$ cat start.txt   # compact mmCIF, C-alpha atoms
# COMPACT_ATOMS: atom_id res chain seq x y z
CA CYS B 1 91.59 59.48 -3.46
CA ARG B 2 93.00 62.72 -4.67
CA VAL B 3 90.24 64.99 -6.01
CA GLY B 4 91.28 64.41 -9.65
CA GLU B 5 91.21 60.65 -9.08
CA ALA B 6 87.75 60.86 -7.51
CA VAL B 7 86.12 63.03 -10.20
CA GLY B 8 87.76 60.92 -12.90
CA LEU B 9 86.43 57.66 -11.48
CA ARG B 10 84.51 55.57 -14.01
CA TRP B 11 82.00 52.82 -13.42
CA GLU B 12 84.41 50.30 -14.91
CA ASP B 13 86.94 51.26 -12.19
CA CYS B 14 84.49 50.05 -9.52
CA ASP B 15 84.37 46.28 -9.00
CA PHE B 16 81.33 45.63 -6.83
CA ASN B 17 81.98 41.86 -6.76
CA GLU B 18 85.53 42.15 -5.44
CA ASN B 19 84.72 45.39 -3.53
CA VAL B 20 87.67 47.33 -4.92
CA ILE B 21 88.23 50.60 -6.76
CA SER B 22 90.98 50.84 -9.35
CA ILE B 23 92.79 54.17 -9.40
CA ASN B 24 94.62 54.51 -12.70
CA HIS B 25 94.07 58.07 -13.99
CA ASN B 26 93.17 61.64 -13.02
CA LEU B 27 90.67 64.05 -14.50
CA ILE B 28 92.09 67.55 -14.74
CA TYR B 29 90.59 70.87 -15.86
CA ARG B 30 93.31 73.29 -16.86
CA MET B 31 93.93 76.31 -18.99
CA GLN B 32 95.58 75.38 -22.26
CA ASP B 33 98.08 77.39 -24.31
CA SER B 34 95.11 78.67 -26.30
CA GLY B 35 93.78 80.36 -23.14
CA LYS B 36 90.79 78.00 -23.03
CA CYS B 37 90.18 75.64 -20.08
CA GLU B 38 89.71 71.99 -21.03
CA TYR B 39 89.27 68.62 -19.39
CA HIS B 40 91.97 66.02 -19.89
CA ILE B 41 92.90 62.63 -18.51
CA THR B 42 96.37 62.23 -17.07
CA THR B 43 98.13 59.29 -15.53
CA PRO B 44 99.28 59.50 -11.93
CA LYS B 45 102.63 61.23 -11.51
CA SER B 46 104.23 58.01 -10.23
CA ASN B 47 103.59 54.28 -10.45
CA ALA B 48 102.55 54.38 -6.79
CA GLY B 49 99.51 56.43 -7.84
CA ILE B 50 98.21 53.46 -9.81
CA ARG B 51 96.62 51.30 -7.17
CA VAL B 52 93.63 49.28 -6.04
CA ILE B 53 91.71 50.50 -3.00
CA PRO B 54 89.40 48.24 -0.99
CA MET B 55 85.83 49.54 -1.12
CA MET B 56 84.40 50.22 2.33
CA SER B 57 80.78 49.11 2.74
CA GLU B 58 79.49 52.71 3.07
CA VAL B 59 81.37 53.72 -0.08
CA LYS B 60 79.90 50.75 -1.92
CA LEU B 61 76.39 51.67 -0.81
CA ALA B 62 76.89 55.32 -1.87
CA LEU B 63 78.22 54.26 -5.28
CA LEU B 64 75.38 51.79 -5.82
CA ASN B 65 72.85 54.49 -4.88
CA GLU B 66 74.49 56.84 -7.39
CA LYS B 67 74.38 54.14 -10.06
CA LYS B 68 70.69 53.56 -9.32
CA ARG B 69 70.04 57.30 -9.66
CA GLN B 70 71.88 57.41 -12.97
CA LEU B 71 69.99 54.37 -14.25
CA ALA B 72 66.82 56.42 -13.78
CA GLU B 73 68.12 59.84 -14.87
CA GLY B 74 70.87 58.92 -17.33
CA PHE B 75 74.58 58.27 -17.25
CA CYS B 76 77.33 60.73 -18.13
CA THR B 77 77.85 60.66 -21.90
CA GLU B 78 80.97 62.83 -22.03
CA VAL B 79 84.09 61.42 -23.68
CA ILE B 80 87.38 62.86 -22.50
CA ASP B 81 90.56 61.63 -24.15
CA GLY B 82 88.75 58.37 -24.92
CA TYR B 83 87.50 57.86 -21.35
CA THR B 84 83.76 57.47 -20.73
CA GLY B 85 81.35 56.32 -18.02
CA PHE B 86 82.31 58.79 -15.31
CA VAL B 87 80.72 58.12 -11.92
CA PHE B 88 80.36 61.64 -10.60
CA THR B 89 78.38 64.15 -12.60
CA ASN B 90 77.43 67.78 -12.28
CA ARG B 91 73.81 68.97 -12.31
CA PHE B 92 73.86 68.96 -16.13
CA GLY B 93 75.00 65.31 -16.34
CA GLY B 94 78.57 66.18 -17.35
CA VAL B 95 81.79 65.42 -15.51
CA CYS B 96 82.56 67.26 -12.31
CA ASN B 97 85.14 69.98 -12.45
CA PRO B 98 87.63 69.40 -9.60
CA HIS B 99 87.32 73.12 -8.73
CA CYS B 100 83.55 72.68 -8.32
CA ILE B 101 84.21 70.31 -5.43
CA THR B 102 86.06 73.10 -3.61
CA ARG B 103 83.21 75.52 -4.30
CA ALA B 104 80.64 72.98 -3.08
CA ILE B 105 82.58 72.48 0.17
CA LYS B 106 82.72 76.26 0.62
CA ARG B 107 78.93 76.53 0.13
CA ILE B 108 78.34 73.77 2.70
CA ILE B 109 80.63 75.47 5.24
CA THR B 110 78.98 78.87 4.68
CA ALA B 111 75.46 77.44 5.04
CA TYR B 112 76.35 75.41 8.13
CA ASN B 113 78.15 78.34 9.80
CA ALA B 114 75.21 80.70 9.15
CA LYS B 115 72.76 78.19 10.63
CA GLU B 116 75.02 77.44 13.60
CA THR B 117 75.60 81.15 14.30
CA ALA B 118 71.85 81.79 14.40
CA ALA B 119 71.25 78.74 16.61
CA ALA B 120 74.06 79.72 18.99
CA GLU B 121 72.73 83.26 19.25
CA ALA B 122 69.21 81.97 20.02
CA GLU B 123 70.65 79.59 22.65
CA ASN B 124 73.03 82.21 24.09
CA ARG B 125 76.19 80.17 23.48
CA GLU B 126 79.33 80.32 21.39
CA PRO B 127 78.86 78.89 17.88
CA LEU B 128 80.78 75.77 16.82
CA LEU B 129 81.93 76.94 13.40
CA LEU B 130 83.55 74.92 10.65
CA PRO B 131 86.89 76.27 9.43
CA HIS B 132 87.59 76.77 5.73
CA PHE B 133 89.03 73.59 4.20
CA MET B 134 89.56 72.03 0.80
CA ALA B 135 89.06 68.57 -0.66
CA HIS B 136 92.70 67.62 -0.19
CA GLN B 137 92.34 68.13 3.55
CA LEU B 138 89.68 65.40 3.57
CA ARG B 139 92.29 63.06 2.04
CA HIS B 140 94.80 64.14 4.69
CA THR B 141 92.24 63.55 7.46
CA PHE B 142 91.50 60.08 6.10
CA CYS B 143 95.22 59.30 5.99
CA THR B 144 95.65 60.49 9.57
CA ARG B 145 92.75 58.33 10.83
CA PHE B 146 94.09 55.40 8.77
CA CYS B 147 97.53 55.82 10.37
CA GLU B 148 95.93 55.82 13.81
CA ASN B 149 94.33 52.46 13.05
CA GLU B 150 96.89 50.70 10.84
CA THR B 151 100.41 49.90 12.03
CA ASN B 152 101.70 48.61 8.69
CA LEU B 153 102.95 51.78 7.02
CA LYS B 154 103.52 50.00 3.71
CA VAL B 155 99.77 49.30 3.56
CA VAL B 156 99.01 52.95 4.27
CA GLN B 157 101.57 54.07 1.66
CA GLU B 158 100.09 51.78 -0.99
CA ILE B 159 96.46 52.72 -0.31
CA MET B 160 97.27 56.44 -0.33
CA GLY B 161 99.38 56.16 -3.47
CA HIS B 162 102.43 57.80 -1.88
CA ALA B 163 105.51 57.29 -4.05
CA ASP B 164 107.81 57.93 -1.10
CA ILE B 165 107.39 56.39 2.35
CA SER B 166 108.55 59.70 3.87
CA THR B 167 105.21 61.28 2.83
CA THR B 168 103.37 58.54 4.70
CA MET B 169 105.76 58.85 7.64
CA ASP B 170 105.11 62.60 7.90
CA VAL B 171 101.37 61.96 8.28
CA TYR B 172 101.99 58.97 10.55
CA ASN B 173 104.26 61.01 12.81
CA GLU B 174 101.62 63.71 13.08
CA ALA B 175 98.96 61.10 13.91
CA THR B 176 101.08 59.32 16.49
CA GLN B 177 102.20 62.50 18.36
CA LYS B 178 98.82 62.68 20.09
CA LYS B 179 98.82 58.91 20.72
CA LYS B 180 102.22 59.18 22.45
CA PHE B 181 100.88 61.73 24.92
CA GLU B 182 97.73 59.65 25.51
CA ALA B 183 99.88 56.56 26.16
CA PHE B 184 102.04 58.41 28.68
CA ALA B 185 99.01 59.93 30.38
CA SER B 186 97.66 56.42 30.95
CA LEU B 187 100.99 55.46 32.57
CA GLU B 188 100.67 58.21 35.19
CA GLY B 189 100.76 56.63 38.61
CA LYS B 190 101.48 53.14 37.23
CA ILE B 191 105.26 53.46 37.12
CA LYS B 192 107.22 54.46 40.18
CA ILE B 193 110.40 56.41 39.50
CA GLY B 194 112.85 56.84 42.36
$ encode --input "start.txt" --output "structure tokens"
Amino acid sequence: CRVGEAVGLRWEDCDFNENVISINHNLIYRMQDSGKCEYHITTPKSNAGIRVIPMMSEVKLALLNEKKRQLAEGFCTEVIDGYTGFVFTNRFGGVCNPHCITRAIKRIITAYNAKETAAAEAENREPLLLPHFMAHQLRHTFCTRFCENETNLKVVQEIMGHADISTTMDVYNEATQKKKFEAFASLEGKIKIG
């Protein structure tokens, strides 16, 4: 999902019987002409953005755990442009601001890097630090791994919600560059030339 699709996800978009997630809108938080920031629901920029994604078993378990937590603590009661029942909530029980996801990732990276730096210093080694990244890079990483494991690019295009196959091909080409070199490395010594 794109970050706006993820934070805009509602419980009714999750079909736990069919194990699918329906992506049909985005939650945005933008400054309005009045100078005030507001939440709004938008439709995907193309028809390709409206799609059904199979629910992986780990995703299903995470969503069911979140639903269980909300059953005990309360569900999101915010109404945004007529949409209700949002899956992901902030610490106050309201919808998640897409920008908060970026800030949360930054806090995780900072905490991990501080802990890893201290551990590396104590163990007299170089630290293995996480680089700065944003939520969209997680989507790109998923798409890359998906391309490495799925040869049908139309399936990848549809799942990712790419309107143009060239977007999928760009990621696929990037993913397959490494595979090409691995394939040729495994041929070393198996083919005699000359």
$ closest_residue --input "start.txt" --among "B:Phe75, B:Arg125, B:Leu130, B:Ala135" --to "Ala104 in chain B" --atoms "all atoms listed in the file"
B:Ala135
$ atom_distance --input "start.txt" --atom1 "CA of Thr43 in chain B" --atom2 "CA of Ile80 in chain B"
13.3 Å
$ residues_around --input "start.txt" --residues "range 149-157 of chain B" --least-positions-apart "6" --cutoff "9 Å" --atoms "all atoms listed in the file" --output "PyMOL selection string"
chain B and resi 48+143+163-165+167-169+172
$ closest_residue --input "start.txt" --among "B:Arg91, B:His99, B:Lys179, B:Lys36" --to "Val7 in chain B" --atoms "only C-alpha atoms"
B:His99
$ atom_distance --input "start.txt" --atom1 "CA of Ile109 in chain B" --atom2 "CA of Pro127 in chain B"
13.2 Å
$ closest_residue --input "start.txt" --among "B:Met134, B:Leu64, B:Leu129, B:Cys147" --to "Cys100 in chain B" --atoms "all atoms listed in the file"
B:Met134
$ closest_residue --input "start.txt" --among "B:Leu138, B:Leu27, B:Leu63, B:Leu187" --to "Asp15 in chain B" --atoms "all atoms listed in the file"
B:Leu63
$ atom_distance --input "start.txt" --atom1 "CA of Glu158 in chain B" --atom2 "CA of Arg145 in chain B"
15.4 Å
$ closest_residue --input "start.txt" --among "B:Phe92, B:Tyr29, B:Tyr39, B:Tyr112" --to "Gly74 in chain B" --atoms "all atoms listed in the file"
B:Phe92
$ residues_around --input "start.txt" --residues "Gln70 in chain B" --least-positions-apart "3" --cutoff "10 Å" --atoms "all atoms listed in the file" --output "PDB file with C-alpha atoms, in the frame of the given file"
ATOM      1  CA  LEU B  64      75.380  51.790  -5.820  1.00  0.00           C
ATOM      2  CA  ASN B  65      72.850  54.490  -4.880  1.00  0.00           C
ATOM      3  CA  GLU B  66      74.490  56.840  -7.390  1.00  0.00           C
ATOM      4  CA  LYS B  67      74.380  54.140 -10.060  1.00  0.00           C
ATOM      5  CA  GLU B  73      68.120  59.840 -14.870  1.00  0.00           C
ATOM      6  CA  GLY B  74      70.870  58.920 -17.330  1.00  0.00           C
ATOM      7  CA  PHE B  75      74.580  58.270 -17.250  1.00  0.00           C
ATOM      8  CA  CYS B  76      77.330  60.730 -18.130  1.00  0.00           C
ATOM      9  CA  VAL B  87      80.720  58.120 -11.920  1.00  0.00           C
ATOM     10  CA  PHE B  88      80.360  61.640 -10.600  1.00  0.00           C
ATOM     11  CA  THR B  89      78.380  64.150 -12.600  1.00  0.00           C
ATOM     12  CA  GLY B  93      75.000  65.310 -16.340  1.00  0.00           C
TER      13      GLY B  93
END
$ closest_residue --input "start.txt" --among "B:Val95, B:Arg103, B:Thr77, B:Val52" --to "Ile28 in chain B" --atoms "only C-alpha atoms"
B:Val95
$ decode --input "start.txt" --residues "range 25-90 of chain B" --atoms "C-alpha atoms" --output "mmCIF file, in the first residue's frame"
data_model
loop_
_atom_site.group_PDB
_atom_site.id
_atom_site.type_symbol
_atom_site.label_atom_id
_atom_site.label_comp_id
_atom_site.auth_asym_id
_atom_site.auth_seq_id
_atom_site.Cartn_x
_atom_site.Cartn_y
_atom_site.Cartn_z
ATOM 1 C CA HIS B 25 -9.370 5.465 -1.169
ATOM 2 C CA ASN B 26 -6.551 7.445 0.452
ATOM 3 C CA LEU B 27 -6.448 9.414 3.676
ATOM 4 C CA ILE B 28 -4.596 12.686 3.246
ATOM 5 C CA TYR B 29 -3.649 15.450 5.685
ATOM 6 C CA ARG B 30 -3.010 18.691 3.852
ATOM 7 C CA MET B 31 -3.008 22.406 4.340
ATOM 8 C CA GLN B 32 -6.176 23.978 3.003
ATOM 9 C CA ASP B 33 -6.628 27.418 1.429
ATOM 10 C CA SER B 34 -7.608 28.643 4.889
ATOM 11 C CA GLY B 35 -4.084 27.815 6.121
ATOM 12 C CA LYS B 36 -5.423 25.046 8.364
ATOM 13 C CA CYS B 37 -4.382 21.389 7.918
ATOM 14 C CA GLU B 38 -7.266 18.940 7.575
ATOM 15 C CA TYR B 39 -7.862 15.273 6.898
ATOM 16 C CA HIS B 40 -9.694 14.315 3.729
ATOM 17 C CA ILE B 41 -10.483 11.182 1.774
ATOM 18 C CA THR B 42 -9.445 11.093 -1.858
ATOM 19 C CA THR B 43 -9.831 8.462 -4.518
ATOM 20 C CA PRO B 44 -6.727 6.960 -6.093
ATOM 21 C CA LYS B 45 -5.300 9.063 -8.915
ATOM 22 C CA SER B 46 -6.061 6.318 -11.455
ATOM 23 C CA ASN B 47 -8.402 3.346 -11.762
ATOM 24 C CA ALA B 48 -5.374 1.088 -11.278
ATOM 25 C CA GLY B 49 -5.132 2.373 -7.699
ATOM 26 C CA ILE B 50 -8.487 0.773 -6.920
ATOM 27 C CA ARG B 51 -7.607 -2.839 -6.336
ATOM 28 C CA VAL B 52 -7.916 -5.918 -4.160
ATOM 29 C CA ILE B 53 -4.776 -7.215 -2.462
ATOM 30 C CA PRO B 54 -4.491 -10.765 -1.128
ATOM 31 C CA MET B 55 -3.938 -10.726 2.635
ATOM 32 C CA MET B 56 -0.764 -12.530 3.663
ATOM 33 C CA SER B 57 -1.160 -14.681 6.784
ATOM 34 C CA GLU B 58 1.145 -12.443 8.884
ATOM 35 C CA VAL B 59 -0.811 -9.354 7.809
ATOM 36 C CA LYS B 60 -4.064 -11.077 8.724
ATOM 37 C CA LEU B 61 -2.713 -12.002 12.155
ATOM 38 C CA ALA B 62 -1.471 -8.433 12.763
ATOM 39 C CA LEU B 63 -4.845 -6.972 11.722
ATOM 40 C CA LEU B 64 -6.773 -9.433 13.890
ATOM 41 C CA ASN B 65 -4.517 -8.587 16.855
ATOM 42 C CA GLU B 66 -5.185 -4.889 16.259
ATOM 43 C CA LYS B 67 -8.922 -5.542 16.064
ATOM 44 C CA LYS B 68 -8.749 -7.481 19.337
ATOM 45 C CA ARG B 69 -6.892 -4.568 20.963
ATOM 46 C CA GLN B 70 -9.496 -2.110 19.714
ATOM 47 C CA LEU B 71 -12.334 -4.325 20.936
ATOM 48 C CA ALA B 72 -10.856 -3.916 24.423
ATOM 49 C CA GLU B 73 -9.757 -0.263 24.206
ATOM 50 C CA GLY B 74 -12.221 1.191 21.711
ATOM 51 C CA PHE B 75 -12.435 1.730 17.991
ATOM 52 C CA CYS B 76 -11.671 4.934 16.115
ATOM 53 C CA THR B 77 -14.783 7.127 16.155
ATOM 54 C CA GLU B 78 -13.566 9.806 13.746
ATOM 55 C CA VAL B 79 -15.645 10.532 10.653
ATOM 56 C CA ILE B 80 -13.764 11.961 7.693
ATOM 57 C CA ASP B 81 -15.734 12.852 4.588
ATOM 58 C CA GLY B 82 -18.289 10.208 5.607
ATOM 59 C CA TYR B 83 -15.693 7.466 6.139
ATOM 60 C CA THR B 84 -15.502 5.719 9.521
ATOM 61 C CA GLY B 85 -14.010 2.618 11.135
ATOM 62 C CA PHE B 86 -10.343 3.319 10.450
ATOM 63 C CA VAL B 87 -7.995 0.451 11.292
ATOM 64 C CA PHE B 88 -4.902 2.356 12.337
ATOM 65 C CA THR B 89 -5.158 4.838 15.167
ATOM 66 C CA ASN B 90 -2.838 7.204 16.948
#
